[in-house]
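Visitor: Sharing my_file_9.txt (compact mmCIF, C-alpha atoms) below.
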# COMPACT_ATOMS: atom_id res chain seq x y z
CA MET B 222 30.65 -13.36 34.24
CA SER B 223 27.44 -12.92 32.26
CA PHE B 224 24.99 -15.37 30.81
CA VAL B 225 23.12 -14.89 27.57
CA ARG B 226 20.03 -16.86 26.76
CA VAL B 227 19.96 -17.86 23.11
CA ASP B 228 16.70 -19.03 21.59
CA HIS B 229 17.41 -21.11 18.50
CA SER B 230 13.76 -21.87 17.71
CA THR B 231 12.18 -20.56 14.52
CA VAL B 232 10.15 -17.96 16.42
CA GLY B 233 13.18 -17.01 18.49
CA ARG B 234 15.37 -16.42 15.45
CA TRP B 235 12.55 -14.50 13.78
CA TRP B 236 12.04 -12.26 16.79
CA ALA B 237 15.76 -11.60 17.19
CA SER B 238 16.20 -10.58 13.54
CA LEU B 239 12.93 -8.66 13.10
CA ASP B 240 12.62 -4.88 12.95
CA ARG B 241 10.38 -4.72 16.01
CA TRP B 242 9.97 -0.94 15.85
CA THR B 243 8.44 -1.11 12.38
CA LEU B 244 6.18 -3.96 13.46
CA ALA B 245 5.06 -1.92 16.49
CA ALA B 246 4.27 1.09 14.26
CA LEU B 247 2.25 -1.09 11.88
CA LEU B 248 0.29 -2.62 14.76
CA ALA B 249 -0.34 0.89 16.09
CA LEU B 250 -1.92 1.82 12.74
CA VAL B 251 -4.10 -1.31 12.92
CA GLY B 252 -5.20 -0.22 16.41
CA ILE B 253 -5.99 3.29 15.20
CA GLY B 254 -8.01 1.75 12.38
CA TYR B 255 -10.10 -0.16 14.93
CA VAL B 256 -10.76 3.04 16.91
CA MET B 257 -11.77 4.89 13.75
CA MET B 258 -14.17 2.14 12.71
CA LEU B 259 -15.65 2.21 16.21
CA SER B 260 -16.29 5.91 15.71
CA ALA B 261 -17.21 6.23 12.01
CA SER B 262 -18.81 2.97 10.93
CA PRO B 263 -22.10 3.04 12.92
CA ALA B 264 -23.13 6.36 11.34
CA VAL B 265 -22.28 5.11 7.84
CA ALA B 266 -24.14 1.83 8.39
CA GLU B 267 -27.21 3.66 9.66
CA ARG B 268 -27.18 6.07 6.71
CA ILE B 269 -27.13 3.28 4.12
CA GLY B 270 -29.77 1.29 5.98
CA ALA B 271 -27.56 -1.63 7.01
CA SER B 272 -29.17 -4.26 9.21
CA SER B 273 -26.56 -3.77 11.93
CA ARG B 274 -25.04 -0.46 13.02
CA HIS B 275 -21.82 -2.31 13.80
CA MET B 276 -21.62 -4.25 10.52
CA PHE B 277 -18.49 -2.44 9.30
CA LEU B 278 -16.83 -2.64 12.71
CA THR B 279 -17.36 -6.40 12.94
CA ARG B 280 -15.98 -6.95 9.47
CA GLN B 281 -13.00 -4.69 10.13
CA VAL B 282 -12.09 -6.66 13.25
CA VAL B 283 -12.08 -9.84 11.18
CA TYR B 284 -10.08 -8.21 8.37
CA SER B 285 -7.58 -6.79 10.87
CA LEU B 286 -7.05 -10.14 12.57
CA ILE B 287 -6.47 -11.80 9.20
CA ALA B 288 -4.10 -8.97 8.24
CA VAL B 289 -2.00 -9.32 11.41
CA ILE B 290 -1.76 -13.09 10.92
CA VAL B 291 -0.73 -12.64 7.28
CA MET B 292 1.81 -9.92 8.11
CA VAL B 293 3.48 -11.88 10.91
CA GLY B 294 3.39 -15.16 9.00
CA VAL B 295 4.90 -13.68 5.82
CA SER B 296 7.57 -11.82 7.82
CA MET B 297 8.94 -15.21 8.93
CA LEU B 298 9.74 -16.26 5.36
CA PRO B 299 13.35 -16.39 4.16
CA VAL B 300 14.16 -14.07 1.28
CA LYS B 301 13.99 -16.77 -1.40
CA TRP B 302 10.48 -17.70 -0.27
CA VAL B 303 9.42 -14.05 -0.32
CA LEU B 304 10.33 -14.01 -4.00
CA ARG B 305 8.56 -17.28 -4.72
CA ALA B 306 5.41 -16.16 -2.90
CA ALA B 307 5.46 -12.81 -4.71
CA MET B 308 5.90 -14.44 -8.12
CA LEU B 309 2.99 -16.82 -7.53
CA GLY B 310 0.91 -13.99 -6.07
CA ALA B 311 1.65 -11.72 -9.04
CA LEU B 312 0.60 -14.42 -11.52
CA GLY B 313 -2.60 -15.16 -9.61
CA ALA B 314 -3.50 -11.51 -9.05
CA LEU B 315 -2.76 -10.68 -12.70
CA ALA B 316 -5.04 -13.48 -13.90
CA LEU B 317 -7.85 -12.40 -11.54
CA THR B 318 -7.41 -8.75 -12.49
CA ALA B 319 -7.86 -9.73 -16.13
CA ALA B 320 -10.90 -11.81 -15.12
CA THR B 321 -12.59 -8.72 -13.66
CA LEU B 322 -13.06 -7.44 -17.22
CA VAL B 323 -15.23 -10.49 -17.92
CA ILE B 324 -16.83 -11.58 -14.64
CA GLY B 325 -16.19 -8.51 -12.51
CA THR B 326 -18.89 -6.61 -10.65
CA GLU B 327 -19.41 -3.06 -11.88
CA ILE B 328 -19.51 -0.44 -9.12
CA LYS B 329 -19.65 3.27 -9.91
CA GLY B 330 -18.74 2.62 -13.52
CA ALA B 331 -15.65 0.49 -12.82
CA ARG B 332 -15.05 -3.27 -12.94
CA ARG B 333 -12.47 -3.87 -10.22
CA TRP B 334 -14.11 -6.46 -8.00
CA ILE B 335 -14.99 -10.14 -8.20
CA SER B 336 -18.04 -10.91 -6.10
CA PHE B 337 -18.60 -14.15 -4.22
CA PRO B 338 -21.08 -15.23 -1.52
CA GLY B 339 -20.43 -13.13 1.56
CA GLY B 340 -18.08 -10.58 0.06
CA SER B 341 -15.93 -9.40 -2.82
CA LEU B 342 -12.27 -9.32 -3.85
CA GLN B 343 -10.25 -6.60 -5.56
CA PRO B 344 -7.35 -8.53 -7.16
CA SER B 345 -5.40 -5.41 -8.16
CA GLU B 346 -4.78 -4.66 -4.48
CA PHE B 347 -2.76 -7.88 -4.20
CA LEU B 348 -1.07 -7.21 -7.52
CA LYS B 349 0.63 -4.08 -6.14
CA PRO B 350 2.96 -5.66 -3.52
CA CYS B 351 3.59 -8.84 -5.50
CA LEU B 352 4.43 -6.88 -8.65
CA ALA B 353 6.87 -4.67 -6.74
CA VAL B 354 8.84 -7.73 -5.59
CA ALA B 355 8.67 -9.44 -9.01
CA VAL B 356 9.89 -6.33 -10.84
CA ALA B 357 12.71 -5.96 -8.31
CA TRP B 358 13.95 -9.45 -9.19
CA LEU B 359 13.78 -8.71 -12.92
CA LEU B 360 15.82 -5.52 -12.50
CA ALA B 361 18.31 -7.20 -10.15
CA GLU B 362 18.77 -10.17 -12.47
CA GLY B 363 19.24 -7.79 -15.41
CA LYS B 364 22.05 -6.02 -13.55
CA ARG B 365 23.68 -9.31 -12.49
CA GLU B 366 23.46 -10.98 -15.89
CA GLY B 367 23.92 -8.46 -18.67
CA ARG B 368 22.36 -10.72 -21.30
CA PHE B 369 19.12 -11.08 -19.33
CA PRO B 370 16.64 -8.40 -20.55
CA GLY B 371 15.22 -7.78 -17.08
CA LEU B 372 14.35 -4.13 -17.68
CA LEU B 373 12.61 -4.82 -20.99
CA ILE B 374 10.57 -7.66 -19.47
CA ALA B 375 9.64 -5.39 -16.57
CA ILE B 376 8.53 -2.64 -18.96
CA ALA B 377 6.42 -5.12 -20.91
CA LEU B 378 4.88 -6.42 -17.69
CA ILE B 379 4.05 -2.91 -16.45
CA GLY B 380 2.63 -2.11 -19.89
CA GLY B 381 0.29 -5.11 -19.69
CA VAL B 382 -0.82 -4.12 -16.21
CA ALA B 383 -1.36 -0.54 -17.41
CA TRP B 384 -3.69 -1.80 -20.14
CA LEU B 385 -5.72 -3.81 -17.60
CA MET B 386 -5.94 -0.84 -15.21
CA LYS B 387 -7.14 1.39 -18.06
CA GLN B 388 -9.83 -1.10 -19.03
CA GLN B 389 -11.31 -1.33 -15.53
CA PRO B 390 -10.63 1.71 -15.27
CA ASP B 391 -8.47 2.39 -12.19
CA ILE B 392 -6.17 5.29 -13.00
CA GLY B 393 -5.17 5.85 -9.37
CA MET B 394 -3.96 2.27 -8.96
CA LEU B 395 -2.10 2.55 -12.25
CA ALA B 396 -0.40 5.76 -11.09
CA VAL B 397 0.85 4.04 -7.91
CA ILE B 398 2.16 0.99 -9.80
CA VAL B 399 3.99 3.14 -12.37
CA ALA B 400 5.44 5.41 -9.66
CA VAL B 401 6.77 2.39 -7.75
CA PHE B 402 8.30 0.98 -10.94
CA LEU B 403 10.03 4.27 -11.77
CA ALA B 404 11.38 4.53 -8.21
CA GLN B 405 12.84 1.03 -8.48
CA VAL B 406 14.36 1.81 -11.90
CA PHE B 407 15.93 4.98 -10.47
CA VAL B 408 17.35 3.21 -7.40
CA SER B 409 18.75 0.41 -9.58
CA GLY B 410 21.18 2.93 -11.05
CA ILE B 411 19.85 2.71 -14.56
CA ASN B 412 20.99 5.10 -17.27
CA LEU B 413 19.53 8.56 -16.69
CA MET B 414 18.02 8.58 -20.18
CA TRP B 415 15.73 5.71 -19.18
CA VAL B 416 14.56 7.75 -16.19
CA VAL B 417 13.86 10.77 -18.42
CA ALA B 418 12.00 8.53 -20.88
CA GLY B 419 9.96 7.07 -18.04
CA ALA B 420 9.07 10.53 -16.74
CA GLY B 421 7.99 11.51 -20.25
CA ALA B 422 5.84 8.40 -20.49
CA VAL B 423 4.16 9.27 -17.19
CA VAL B 424 3.36 12.77 -18.45
CA GLY B 425 1.94 11.27 -21.63
CA MET B 426 -0.20 8.81 -19.65
CA ALA B 427 -1.49 11.66 -17.48
CA VAL B 428 -2.50 13.64 -20.57
CA LEU B 429 -4.22 10.59 -22.06
CA ALA B 430 -6.08 9.90 -18.82
CA PHE B 431 -7.23 13.52 -18.69
CA THR B 432 -8.35 13.37 -22.32
CA LEU B 433 -10.00 9.95 -22.43
CA HIS B 434 -11.57 9.58 -18.99
CA GLY B 435 -14.27 12.03 -18.03
CA HIS B 436 -14.10 11.32 -14.29
CA VAL B 437 -10.36 12.07 -14.28
CA ARG B 438 -10.90 15.30 -16.18
CA SER B 439 -13.71 16.28 -13.82
CA ARG B 440 -11.62 15.71 -10.71
CA VAL B 441 -8.67 17.69 -12.04
CA GLN B 442 -10.90 20.58 -13.12
CA ARG B 443 -12.65 20.66 -9.76
CA PHE B 444 -9.28 20.65 -8.02
CA LEU B 445 -7.99 23.57 -10.10
CA ASN B 446 -11.30 25.43 -9.97
CA PRO B 447 -13.48 24.41 -6.98
CA GLU B 448 -16.40 26.37 -8.39
CA SER B 449 -16.52 24.30 -11.59
CA GLY B 450 -18.40 21.36 -10.09
CA ASP B 451 -19.65 19.55 -7.02
CA ASN B 452 -16.97 19.64 -4.30
CA PHE B 453 -19.23 18.65 -1.42
CA GLN B 454 -16.92 15.96 -0.03
CA ILE B 455 -13.85 18.20 -0.07
CA ARG B 456 -15.73 21.11 1.50
CA MET B 457 -17.00 18.90 4.30
CA SER B 458 -13.56 17.37 4.74
CA LEU B 459 -11.85 20.74 5.13
CA GLU B 460 -14.63 21.86 7.47
CA ALA B 461 -13.98 18.79 9.63
CA PHE B 462 -10.30 19.73 9.97
CA GLY B 463 -11.32 23.21 11.05
CA ASN B 464 -13.90 21.94 13.56
CA GLY B 465 -11.44 19.54 15.15
CA GLY B 466 -8.91 22.14 16.18
CA MET B 467 -5.92 20.99 18.21
CA PHE B 468 -7.51 18.27 20.35
CA GLY B 469 -10.78 17.46 18.57
CA ARG B 470 -14.41 17.48 19.62
CA GLY B 471 -14.15 14.13 21.36
CA PRO B 472 -14.73 10.49 20.39
CA GLY B 473 -18.08 10.05 18.68
CA GLU B 474 -18.82 13.78 18.67
CA GLY B 475 -17.92 14.42 15.04
CA ARG B 476 -20.55 15.41 12.50
CA VAL B 477 -18.78 14.92 9.19
CA LYS B 478 -19.26 11.14 9.35
CA ASP B 479 -23.03 11.70 9.20
CA VAL B 480 -22.85 13.27 5.75
CA LEU B 481 -19.70 12.01 4.01
CA PRO B 482 -20.48 8.87 1.93
CA ASP B 483 -17.00 7.36 2.49
CA ALA B 484 -16.33 8.55 6.02
CA HIS B 485 -15.22 5.05 7.02
CA ALA B 486 -12.98 4.52 3.98
CA ASP B 487 -11.50 7.18 1.69
CA PHE B 488 -12.35 10.07 4.04
CA VAL B 489 -11.53 8.53 7.41
CA PHE B 490 -8.73 11.07 7.97
CA PRO B 491 -11.15 14.04 8.29
CA VAL B 492 -13.17 12.00 10.82
CA ALA B 493 -10.00 11.53 12.87
CA ALA B 494 -9.26 15.25 12.57
CA GLU B 495 -12.71 16.34 13.76
CA GLU B 496 -12.99 13.94 16.68
CA PHE B 497 -9.37 13.67 17.84
CA GLY B 498 -7.76 16.85 16.54
CA LEU B 499 -4.54 17.97 14.92
CA ILE B 500 -2.32 16.19 17.44
CA THR B 501 -3.75 12.79 16.52
CA CYS B 502 -3.48 13.57 12.79
CA LEU B 503 0.19 14.43 13.27
CA LEU B 504 0.65 11.18 15.19
CA ILE B 505 -0.87 9.20 12.29
CA LEU B 506 1.30 11.10 9.81
CA GLY B 507 4.33 10.46 12.02
CA LEU B 508 3.69 6.71 12.08
CA PHE B 509 3.63 6.55 8.27
CA ALA B 510 6.76 8.68 8.01
CA PHE B 511 8.52 6.56 10.65
CA ILE B 512 7.78 3.30 8.81
CA VAL B 513 9.01 4.63 5.46
CA LEU B 514 12.10 6.43 6.77
CA ARG B 515 13.14 3.61 9.09
CA GLY B 516 12.79 1.11 6.24
CA LEU B 517 14.97 3.24 3.97
CA TRP B 518 17.51 3.69 6.76
CA ARG B 519 17.84 -0.05 7.25
CA LEU B 520 18.35 -0.48 3.51
CA MET B 521 21.43 1.75 3.64
CA GLU B 522 23.35 -1.26 4.99
CA GLU B 523 21.95 -3.64 2.38
CA ARG B 524 24.18 -4.81 -0.48
CA ASP B 525 21.81 -7.29 -2.05
CA VAL B 526 20.36 -5.54 -5.10
CA PHE B 527 17.15 -7.55 -5.12
CA VAL B 528 16.41 -6.89 -1.44
CA SER B 529 17.12 -3.16 -1.85
CA LEU B 530 14.89 -2.79 -4.91
CA ALA B 531 12.02 -4.90 -3.53
CA ALA B 532 11.95 -3.15 -0.16
CA THR B 533 12.23 0.28 -1.81
CA GLY B 534 9.25 -0.51 -4.02
CA LEU B 535 7.16 -1.67 -1.06
CA LEU B 536 8.06 1.43 0.98
CA VAL B 537 7.30 3.82 -1.89
CA GLN B 538 3.98 2.08 -2.47
CA PHE B 539 3.02 2.28 1.22
CA GLY B 540 4.05 5.91 1.63
CA LEU B 541 2.52 7.04 -1.65
CA GLN B 542 -0.84 5.46 -0.85
CA ALA B 543 -0.90 7.23 2.51
CA PHE B 544 0.04 10.54 0.87
CA ILE B 545 -2.67 10.22 -1.80
CA ASN B 546 -5.35 9.56 0.82
CA MET B 547 -4.32 12.35 3.18
CA GLY B 548 -3.52 14.76 0.34
CA SER B 549 -6.96 14.21 -1.20
CA SER B 550 -8.64 14.88 2.16
CA LEU B 551 -6.71 18.14 2.55
CA HIS B 552 -7.31 19.23 -1.07
CA LEU B 553 -3.57 19.14 -1.80
CA ILE B 554 -4.15 16.91 -4.84
CA PRO B 555 -7.23 15.97 -6.91
CA THR B 556 -9.51 13.54 -5.09
CA LYS B 557 -8.77 9.85 -5.59
CA GLY B 558 -10.57 6.95 -3.97
CA MET B 559 -7.71 5.27 -2.13
CA THR B 560 -7.70 3.92 1.41
CA LEU B 561 -5.47 5.13 4.23
CA PRO B 562 -3.32 2.04 4.96
CA PHE B 563 -4.65 0.00 7.91
CA VAL B 564 -6.81 2.93 9.10
CA SER B 565 -9.56 2.91 6.46
CA TYR B 566 -12.19 0.21 6.21
CA GLY B 567 -11.49 -2.48 3.66
CA GLY B 568 -11.01 -6.19 3.18
CA SER B 569 -8.82 -6.62 0.09
CA SER B 570 -6.96 -3.41 0.86
CA VAL B 571 -6.09 -4.28 4.48
CA VAL B 572 -5.02 -7.86 3.75
CA ALA B 573 -3.00 -6.85 0.65
CA LEU B 574 -1.25 -4.12 2.64
CA ALA B 575 -0.46 -6.68 5.33
CA LEU B 576 1.03 -8.95 2.67
CA GLY B 577 3.23 -6.12 1.41
CA MET B 578 4.38 -5.14 4.89
CA GLY B 579 5.02 -8.80 5.68
CA PHE B 580 7.29 -8.91 2.63
CA LEU B 581 9.02 -5.75 3.87
CA LEU B 582 9.58 -7.12 7.39
CA ALA B 583 10.98 -10.35 5.93
CA LEU B 584 13.33 -8.50 3.57
CA THR B 585 14.66 -6.12 6.25
CA ARG B 586 15.33 -8.77 8.90
CA ARG B 587 18.94 -8.93 10.11
CA ARG B 588 20.57 -11.87 8.39
CA PRO B 589 23.88 -13.65 9.03
CA ALA B 590 26.90 -11.88 7.56
CA ARG B 591 24.70 -8.97 6.47
CA GLY B 592 26.56 -6.64 4.17
CA GLU B 593 29.01 -9.34 3.05
CA GLU B 594 26.85 -10.77 0.26
CA ALA B 595 26.21 -13.86 2.43
CA ASN B 596 22.46 -13.81 2.75
CA PRO B 597 19.99 -16.58 1.87
CA PHE B 598 19.36 -15.10 -1.61
CA THR B 599 22.96 -14.70 -2.76
CA ALA B 600 23.49 -18.24 -3.91
CA GLY B 601 20.15 -18.19 -5.67
CA LEU B 602 21.19 -15.22 -7.80
CA ARG B 603 23.60 -17.48 -9.64
CA ALA B 604 20.62 -19.24 -11.19
CA PRO B 605 17.79 -17.69 -13.24
CA PHE B 606 15.53 -18.27 -10.24
CA PRO B 607 16.43 -18.87 -6.55
CA THR B 608 16.52 -22.54 -5.59
When written as structure tokens, how does the structure in this file appear?

Guide:
Amino acid sequence: MSFVRVDHSTVGRWWASLDRWTLAALLALVGIGYVMMLSASPAVAERIGASSRHMFLTRQVVYSLIAVIVMVGVSMLPVKWVLRAAMLGALGALALTAATLVIGTEIKGARRWISFPGGSLQPSEFLKPCLAVAVAWLLAEGKREGRFPGLLIAIALIGGVAWLMKQQPDIGMLAVIVAVFLAQVFVSGINLMWVVAGAGAVVGMAVLAFTLHGHVRSRVQRFLNPESGDNFQIRMSLEAFGNGGMFGRGPGEGRVKDVLPDAHADFVFPVAAEEFGLITCLLILGLFAFIVLRGLWRLMEERDVFVSLAATGLLVQFGLQAFINMGSSLHLIPTKGMTLPFVSYGGSSVVALALGMGFLLALTRRRPARGEEANPFTAGLRAPFPT
């Protein structure tokens, strides 16, 4: 005879249905981010003349705590509330992103932030995960109800976002949003001609970005021909990887953080390489790969179209952002200012990523009668919006 303890509380049901391995990997990345800020941020703060050498570290601890709370809290939501939260978040983030063109603070030639006493907010960071979920619903509803123009509405929405991103400008963010959208369209089983048309549109957008935006053209030219311009950051980044070797020079012993302007943010990966070595870099890479691949594996059992498309979009977004950051540091792609999820310093970025991963954890929770179309969202699909 055996006895099984069943916890029917809200937390108990959440814990029993949660993908605990993915949560553990995400928390590991948050922990690595704290270690990297402990190592990189004092040198950066001292170089810019900050009043406290531990200013960035203190802020990152606060941001990380908020992020963990957001991620865990959102992961407890039922699927229908994930959609509702994402819809409201997308509307709010879209409005604030548009507001940056009027009241935004200009930094390095771009208006992406809204400043307020004590900090700033980058609304487009929150637009990414919310938009992925909202577009997934539009595509799913279009497949369920043939008369509903879900794909056309999604294209119009992405087009509007593309215009806003161009005006800021933020071509890197636009590239991620469009890539996520195309991945969702592909997974939805849409006609192949739409996929080809989308790929052609992406090529056209890339050509326009290269033609119209000087900083994009400069980065591409310097990537193709390193001698054509200033490649100081990339040279120092690659040097850091070489200096780190297999096991690194030791915590705090790196030198690249003393000269790289964004050693705590966009170029935190070279700092990890120099101080902790190749093994640690492979561990970080492995954590990102594990989260993406495990999420896709869990979706293989999923029959709910909305859940599959939303989770796919969130996973593509997460993995692509990590690839862009690490690829830029290793000179595999042209440089692009994009944070390494949960490892780089950042307020809006860290909290927005936590929101997206909270959505993912909520969507991939084991639900009653999984695989039999009997999940909390199924009944809601019979109406234009879940009730």

Visitor: What separation in Å, quoted to one decimal, exists between atom CA of Val526 of chain B and atom CA of Gly410 of chain B?

Guide: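 These atoms are spaced 10.4 Å apart.
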
Visitor: Produce a table with one row for each residue of segment 276-348 of chain B that has an atom at most 10 Å from any atom of segment 367-382 of chain B, each row naming the nearest atom pair and its distance in Å at one decimal; use all atoms listed in the file; arrange rows by chain and rising residue number; format as JSON lines.

Guide:
{"residue": "B:Leu315", "atom": "CA", "partner": "B:Val382", "partner_atom": "CA", "distance": 7.7}
{"residue": "B:Thr318", "atom": "CA", "partner": "B:Val382", "partner_atom": "CA", "distance": 8.9}
{"residue": "B:Ala319", "atom": "CA", "partner": "B:Val382", "partner_atom": "CA", "distance": 9.0}
{"residue": "B:Ser345", "atom": "CA", "partner": "B:Val382", "partner_atom": "CA", "distance": 9.4}
{"residue": "B:Leu348", "atom": "CA", "partner": "B:Val382", "partner_atom": "CA", "distance": 9.2}

Visitor: Please identify all polymer residues within 8 Å of Phe490 of chain B, counting all atoms listed in the file, omitting same-chain residues fewer than 6 positions from it, and present them as an NGL selection string.

Guide: :B and (502 or 547 or 550 or 561)

Visitor: Around (-25.1, 7.9, 4.2) in the file's frame, which residues reach within 10 Å when counting all atoms listed in the file? Return as an NGL selection string?

Guide: :B and (264-270 or 478-484)

Visitor: Which one is closest to His485 of chain B: B:Phe580, B:Tyr255, B:Trp235, B:Trp334? Count all atoms listed in the file.

Guide: B:Tyr255

Visitor: So how many Å separate atom CA of Phe402 of chain B and atom CA of Gln388 of chain B, to one decimal?

Guide: 20.0 Å

Visitor: Tell me, in Å to one decimal, how far atom CA of Asp240 of chain B is from atom CA of Arg587 of chain B.

Guide: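 Going from atom CA of Asp240 of chain B over to atom CA of Arg587 of chain B, I get 8.0 Å.
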
Visitor: Quick one: residues within 9 Å of Leu317 of chain B, all atoms listed in the file, excluding same-chain residues fewer than 6 positions away - as a list in words?

Guide: Ile335, Gln343, Pro344 and Ser345 of chain B

Visitor: Next, the residues of the selection above should be written as a short mmCIF file (atom, residue, chain, number, x, y, z; two decimals), in the frame of the given file with C-alpha atoms.

Guide:
data_model
loop_
_atom_site.label_atom_id
_atom_site.label_comp_id
_atom_site.auth_asym_id
_atom_site.auth_seq_id
_atom_site.Cartn_x
_atom_site.Cartn_y
_atom_site.Cartn_z
CA ILE B 335 -14.99 -10.14 -8.20
CA GLN B 343 -10.25 -6.60 -5.56
CA PRO B 344 -7.35 -8.53 -7.16
CA SER B 345 -5.40 -5.41 -8.16
#

Visitor: Quick one: residues within 12 Å of Phe337 of chain B, all atoms listed in the file, excluding same-chain residues fewer than 4 positions away - as a ChimeraX atom specification?

Guide: /B:324-326,341-343

Visitor: So which residues are close to (-10.0, 0.6, -9.4), meaning at most 10 Å away in the file's coordinates with all atoms listed in the file counted, and can you show them as a VMD selection string?

Guide: chain B and resid 328 330 to 334 343 to 346 386 to 395 558 to 559

Visitor: Find the residues around Leu576 of chain B up to 6 Å (only C-alpha atoms counted), leave out those fewer than 3 positions away in its own chain, and share them as a ChimeraX atom specification.

Guide: /B:292,573,579

Visitor: Neighbouring residues of Thr279 of chain B were defined as those with any atom within 12 Å, considering all atoms listed in the file; residues of the same chain fewer than 5 positions away were excluded. Please report them as number ranges by chain.

Guide: B: 255, 258-259, 262-263, 266, 273-274, 284-286, 566-568

Visitor: Given all atoms listed in the file as the basis, pick out the residue of B:Trp236, B:Phe453, B:Phe544, B:Phe407 nearest to Gly507 of chain B.

Guide: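 Nearest to Gly507 of chain B: B:Phe544.
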
Visitor: Restricting the calculation to only C-alpha atoms: of B:Phe488, B:Trp242, B:Phe277, B:Trp384, which residue gets closest to His552 of chain B?

Guide: B:Phe488

Visitor: Ranking B:Gly425, B:Gly498, B:Gly340, B:Gly363 by minimum distance to Phe468 of chain B and counting only C-alpha atoms, which one comes first?

Guide: B:Gly498

Visitor: Taking into account only C-alpha atoms, which residue in the set B:Thr243, B:Thr231, B:Asn452, B:Gln281 is nearest to Pro555 of chain B?

Guide: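 The closest residue to Pro555 of chain B is B:Asn452.
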
Visitor: Restricting the calculation to all atoms listed in the file: of B:Ala461, B:Leu429, B:Leu304, B:Val564, which residue gets closest to Val528 of chain B?

Guide: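 Ranked by minimum distance to Val528 of chain B, first place goes to B:Leu304.
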